[in-house]
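Here is the file structure_13.cif (mmCIF, C-alpha atoms and all ligand atoms).
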data_protein
loop_
_atom_site.label_atom_id
_atom_site.label_comp_id
_atom_site.auth_asym_id
_atom_site.auth_seq_id
_atom_site.Cartn_x
_atom_site.Cartn_y
_atom_site.Cartn_z
CA PRO A 3 94.37 95.30 112.73
CA GLY A 4 97.30 92.93 112.92
CA LEU A 5 100.91 93.65 113.78
CA ARG A 6 102.20 96.96 112.42
CA ILE A 7 105.77 96.60 111.18
CA GLY A 8 107.95 99.59 110.30
CA LEU A 9 110.46 98.61 107.60
CA THR A 10 113.46 100.83 107.17
CA GLY A 11 117.05 100.93 105.97
CA GLY A 12 119.38 103.17 104.02
CA ILE A 13 119.11 103.89 100.32
CA GLY A 14 119.75 100.69 98.34
CA SER A 15 119.76 98.47 101.44
CA GLY A 16 117.00 96.26 100.04
CA LYS A 17 113.82 97.58 101.68
CA SER A 18 111.65 97.25 98.59
CA THR A 19 112.90 93.70 98.01
CA VAL A 20 112.01 92.75 101.59
CA ALA A 21 108.65 94.54 101.30
CA ARG A 22 107.77 92.52 98.20
CA ARG A 23 108.42 89.30 100.08
CA LEU A 24 106.33 90.46 103.04
CA ALA A 25 103.49 91.26 100.64
CA ALA A 26 103.77 87.77 99.14
CA LEU A 27 103.48 86.35 102.67
CA GLY A 28 100.23 88.25 103.16
CA ALA A 29 101.11 91.65 104.60
CA LEU A 30 99.50 94.86 103.43
CA VAL A 31 102.46 97.01 102.37
CA VAL A 32 102.22 100.79 102.57
CA ASP A 33 105.05 102.43 100.60
CA THR A 34 105.57 105.93 101.98
CA ASP A 35 107.95 106.87 99.16
CA ALA A 36 105.25 106.04 96.62
CA VAL A 37 102.75 108.09 98.62
CA ALA A 38 105.08 111.10 98.73
CA HIS A 39 105.70 110.72 95.01
CA ALA A 40 101.98 110.66 94.24
CA LEU A 41 101.36 113.75 96.37
CA THR A 42 103.93 115.70 94.34
CA ALA A 43 103.06 114.24 90.91
CA PRO A 44 100.97 116.20 88.36
CA GLY A 45 97.63 116.93 90.02
CA GLY A 46 98.96 115.67 93.37
CA ALA A 47 97.38 117.03 96.53
CA ALA A 48 100.59 118.77 97.69
CA VAL A 49 101.48 120.59 94.48
CA LEU A 50 99.44 123.75 95.05
CA ALA A 51 100.69 124.15 98.62
CA ILE A 52 104.28 123.70 97.44
CA ALA A 53 103.81 126.32 94.73
CA ALA A 54 102.33 128.72 97.29
CA ALA A 55 105.17 128.17 99.77
CA PHE A 56 108.16 127.97 97.42
CA GLY A 57 107.01 129.81 94.33
CA PRO A 58 105.77 128.64 90.92
CA ASP A 59 109.34 127.91 89.80
CA MET A 60 109.24 124.78 91.95
CA ILE A 61 106.57 123.31 89.67
CA ALA A 62 107.74 121.72 86.41
CA ALA A 63 105.99 122.14 83.07
CA ASP A 64 104.05 118.90 83.54
CA GLY A 65 102.54 120.14 86.81
CA ALA A 66 104.65 117.98 89.14
CA MET A 67 106.96 119.32 91.80
CA ASP A 68 110.33 119.90 90.13
CA ARG A 69 112.20 117.20 92.04
CA ALA A 70 115.71 118.10 90.95
CA ARG A 71 115.19 121.74 91.85
CA MET A 72 113.62 120.90 95.20
CA ARG A 73 116.41 118.45 96.01
CA ALA A 74 118.94 121.19 95.30
CA LEU A 75 117.05 123.66 97.47
CA VAL A 76 116.66 121.48 100.54
CA PHE A 77 120.09 119.84 100.34
CA GLY A 78 122.05 121.01 103.37
CA GLN A 79 119.35 123.59 104.20
CA PRO A 80 117.40 122.24 107.18
CA ALA A 81 115.03 125.21 107.34
CA GLN A 82 113.93 124.70 103.74
CA ARG A 83 113.65 120.97 104.26
CA GLN A 84 111.44 121.59 107.30
CA ARG A 85 109.16 123.87 105.30
CA LEU A 86 108.68 121.13 102.72
CA GLU A 87 108.16 118.48 105.38
CA ALA A 88 105.59 120.67 107.17
CA ILE A 89 103.51 120.45 103.98
CA LEU A 90 104.15 116.82 103.10
CA HIS A 91 104.23 114.99 106.41
CA PRO A 92 100.61 115.61 107.47
CA MET A 93 99.46 114.60 103.98
CA ILE A 94 101.61 111.47 104.04
CA GLY A 95 100.24 110.64 107.49
CA GLU A 96 96.67 110.93 106.26
CA ALA A 97 97.19 108.99 103.02
CA THR A 98 99.05 106.16 104.74
CA ARG A 99 96.37 105.91 107.41
CA ALA A 100 93.75 105.60 104.68
CA GLN A 101 95.74 102.80 103.01
CA ALA A 102 96.29 101.00 106.29
CA SER A 103 92.58 101.15 107.09
CA ARG A 104 92.01 98.76 104.18
CA ALA A 105 93.79 95.90 105.97
CA ARG A 106 91.68 92.82 106.57
CA ALA A 107 91.02 91.83 110.18
CA GLY A 108 94.29 90.60 111.65
CA GLN A 109 96.32 91.33 108.51
CA ALA A 110 99.85 92.52 109.27
CA ILE A 111 100.67 95.97 107.90
CA VAL A 112 104.16 96.87 106.74
CA PHE A 113 105.02 100.55 106.52
CA ASP A 114 108.06 100.99 104.27
CA VAL A 115 109.55 104.21 105.67
CA PRO A 116 113.08 105.13 104.55
CA LEU A 117 113.43 107.81 107.25
CA LEU A 118 111.71 105.95 110.10
CA THR A 119 114.77 106.20 112.34
CA GLU A 120 114.68 109.98 111.95
CA SER A 121 110.96 110.20 112.78
CA GLY A 122 109.55 109.76 116.28
CA THR A 123 106.07 110.05 114.80
CA TRP A 124 106.61 107.00 112.62
CA ARG A 125 108.22 104.98 115.37
CA ALA A 126 105.12 105.60 117.49
CA ARG A 127 102.86 104.28 114.73
CA VAL A 128 104.41 100.81 114.55
CA ASP A 129 104.66 97.86 116.91
CA ARG A 130 107.98 96.52 115.57
CA VAL A 131 110.89 97.97 113.63
CA LEU A 132 112.60 95.84 110.99
CA VAL A 133 115.89 97.22 109.70
CA VAL A 134 117.53 96.08 106.47
CA ASP A 135 121.24 96.70 106.77
CA CYS A 136 124.29 96.37 104.55
CA ALA A 137 127.71 97.99 104.10
CA GLU A 138 127.76 101.48 102.59
CA ALA A 139 129.90 100.25 99.71
CA THR A 140 127.14 97.76 98.88
CA GLN A 141 124.50 100.51 99.01
CA VAL A 142 126.56 102.62 96.63
CA ALA A 143 127.15 99.76 94.20
CA ARG A 144 123.44 98.83 94.10
CA VAL A 145 122.15 102.34 93.61
CA VAL A 146 124.75 103.20 90.96
CA GLN A 147 123.83 100.04 89.09
CA ARG A 148 120.07 100.55 89.44
CA SER A 149 119.73 104.26 88.81
CA GLY A 150 122.96 105.44 87.20
CA TRP A 151 123.57 107.99 89.95
CA THR A 152 127.24 108.76 90.54
CA ALA A 153 128.88 107.09 93.54
CA ASP A 154 129.41 110.60 94.91
CA ALA A 155 125.71 111.42 94.83
CA VAL A 156 124.83 108.18 96.61
CA GLU A 157 127.47 108.85 99.26
CA ARG A 158 126.11 112.33 99.87
CA THR A 159 122.62 110.89 100.32
CA ILE A 160 123.90 108.26 102.74
CA ALA A 161 125.64 110.99 104.74
CA GLN A 162 122.31 112.83 105.16
CA GLN A 163 120.47 109.75 106.42
CA ALA A 164 120.62 108.12 109.85
CA SER A 165 123.74 106.04 110.43
CA ARG A 166 123.73 102.25 110.46
CA ALA A 167 124.33 102.36 114.22
CA GLN A 168 121.34 104.67 114.75
CA ARG A 169 119.10 102.33 112.78
CA ARG A 170 120.31 99.25 114.60
CA ALA A 171 119.68 100.97 117.92
CA ILE A 172 115.93 101.22 117.25
CA ALA A 173 115.57 97.84 115.51
CA ASP A 174 113.58 94.93 116.90
CA ALA A 175 115.13 92.79 114.16
CA VAL A 176 117.89 93.36 111.61
CA ILE A 177 118.23 91.59 108.29
CA VAL A 178 121.79 91.85 106.99
CA ASN A 179 121.37 91.97 103.22
CA GLU A 180 125.00 91.41 102.32
CA ASP A 181 126.34 88.62 100.12
CA LEU A 182 122.89 87.07 100.13
CA GLU A 183 121.28 85.39 97.15
CA LEU A 184 117.75 86.70 96.73
CA ALA A 185 116.44 83.25 97.73
CA GLN A 186 118.40 83.50 100.98
CA LEU A 187 117.02 86.97 101.61
CA ASP A 188 113.50 85.60 101.09
CA ALA A 189 114.25 82.80 103.55
CA GLU A 190 115.32 85.33 106.19
CA VAL A 191 112.11 87.27 105.71
CA ASP A 192 110.07 84.06 105.90
CA ALA A 193 111.77 83.14 109.19
CA LEU A 194 111.00 86.53 110.67
CA TRP A 195 107.40 86.29 109.49
CA GLY A 196 107.09 82.93 111.22
CA HIS A 197 108.43 84.47 114.39
CA TRP A 198 106.40 87.68 114.45
CA VAL A 199 103.22 87.05 112.51
CA ALA A 200 102.31 83.49 111.55
CA LYS A 201 101.05 81.51 114.50
P1 LIG A 301 115.82 102.68 97.88
O1 LIG A 301 115.87 103.22 99.25
O2 LIG A 301 116.83 103.29 97.00
O3 LIG A 301 114.45 102.64 97.29
P2 LIG A 301 115.73 99.92 98.74
O4 LIG A 301 116.29 99.89 100.11
O5 LIG A 301 114.26 99.81 98.59
O6 LIG A 301 116.31 101.15 97.96
P3 LIG A 301 115.90 97.77 96.85
O7 LIG A 301 115.26 98.54 95.76
O8 LIG A 301 115.15 96.64 97.47
O9 LIG A 301 116.45 98.74 97.98
O10 LIG A 301 117.31 97.18 96.38
C1 LIG A 301 118.23 98.01 95.67
C2 LIG A 301 118.73 97.25 94.45
O11 LIG A 301 119.56 96.18 94.87
C3 LIG A 301 117.62 96.63 93.63
O12 LIG A 301 117.97 96.72 92.27
C4 LIG A 301 117.60 95.19 94.11
O13 LIG A 301 117.12 94.30 93.13
C5 LIG A 301 119.06 94.93 94.43
N1 LIG A 301 119.23 93.97 95.55
C6 LIG A 301 118.79 94.12 96.81
N2 LIG A 301 119.13 93.05 97.56
C7 LIG A 301 119.80 92.21 96.75
C8 LIG A 301 120.42 90.92 96.93
N3 LIG A 301 120.42 90.31 98.12
N4 LIG A 301 121.01 90.37 95.87
C9 LIG A 301 121.02 91.00 94.68
N5 LIG A 301 120.48 92.20 94.44
C10 LIG A 301 119.86 92.81 95.45
#

Can you dump the structure from the file as structure tokens?
Amino acid sequence: PGLRIGLTGGIGSGKSTVARRLAALGALVVDTDAVAHALTAPGGAAVLAIAAAFGPDMIAADGAMDRARMRALVFGQPAQRQRLEAILHPMIGEATRAQASRARAGQAIVFDVPLLTESGTWRARVDRVLVVDCAEATQVARVVQRSGWTADAVERTIAQQASRAQRRAIADAVIVNEDLELAQLDAEVDALWGHWVAK
């Protein structure tokens, strides 16, 4: 396989936007959030194990994990969060490995992993770490605009994630996605691609 790039950044930093550009440049993008979502969707491979561990109340009427209820349970409760992660992480590992195995010879693989900084396992699976960074106020504004969450809810999520300094400390490259037109952001990604991947 080609270079394995771990792409990370806080909520609303611009990871998905950067990932789309990397895909356009030829990378195989593996979106770990999408994988986790599929595992906990109706009929998802993790649903039965979650019901067994947390009780049938954690499953919504449509057969998916009840996300709002689970978020409320694990929020600020590390032991509960760890129980959920003990179910999900091995499944995410397996599913992302299967996706990555479909890369063409030499094709760069981008793993979009929001919590890469928090995970030694993920850091060990990539050759380079690319961090997308911006001010917290910018994260809040973007997420409020995109999803209609309250600013408070976004701030609480930011507080639970790694800090900007922690992310920068493990980065091989940082893209500062602040006051950038999308075309400028694309140009930054293209430059990095030229540096790391295209020969
Ligand atoms: P999350 O972790 O919440 O999934 P993310 O890090 O993947 O977020 P994106 O979805 O890429 O972030 O970006 C968040 C929002 O901000 C999107 O609506 C995106 O279009 C917008 N956005 C990101 N970067 C820029 C930019 N440079 N200029 C304008 N809008 C931007």

**OP:** May I have the residues within 9 Å of ligand LIG 301 (chain A), computed using all atoms listed in the file, as number ranges by chain?
**Re:** A: 10-22, 35, 114, 116, 134-135, 140-141, 143-145, 147-149, 179-188

**OP:** Neighbourhood query: residues within 9 Å of (106.4, 127.3, 100.6), file coordinates, counting only C-alpha atoms; return as a PyMOL selection string.
**Re:** chain A and resi 51-57+82+85-86+89

Output C-alpha atoms of each residue in that selection to a file, as a PDB file, in the frame of the given file.
ATOM      1  CA  ALA A  51     100.690 124.150  98.620  1.00  0.00           C
ATOM      2  CA  ILE A  52     104.280 123.700  97.440  1.00  0.00           C
ATOM      3  CA  ALA A  53     103.810 126.320  94.730  1.00  0.00           C
ATOM      4  CA  ALA A  54     102.330 128.720  97.290  1.00  0.00           C
ATOM      5  CA  ALA A  55     105.170 128.170  99.770  1.00  0.00           C
ATOM      6  CA  PHE A  56     108.160 127.970  97.420  1.00  0.00           C
ATOM      7  CA  GLY A  57     107.010 129.810  94.330  1.00  0.00           C
ATOM      8  CA  GLN A  82     113.930 124.700 103.740  1.00  0.00           C
ATOM      9  CA  ARG A  85     109.160 123.870 105.300  1.00  0.00           C
ATOM     10  CA  LEU A  86     108.680 121.130 102.720  1.00  0.00           C
ATOM     11  CA  ILE A  89     103.510 120.450 103.980  1.00  0.00           C
TER      12      ILE A  89
END

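Taking CA of Ala137 in chain A and CA of Ile160 in chain A as the two end points, the separation is 11.0 Å.
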
Subject >> Within 12 Å of Gln168 in chain A using only C-alpha atoms, minus same-chain residues under 2 positions, as a list of chain:residue names >> reply: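 My list of contacting residues is A:Thr10, A:Gly11, A:Gly12, A:Leu117, A:Leu118, A:Thr119, A:Glu120, A:Ser121, A:Val133, A:Asp135, A:Gln163, A:Ala164, A:Ser165, A:Arg166, A:Arg170, A:Ala171, A:Ile172, A:Ala173.
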
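For the pair CA of Val115 in chain A and CA of Thr34 in chain A, the interatomic distance is 5.7 Å.
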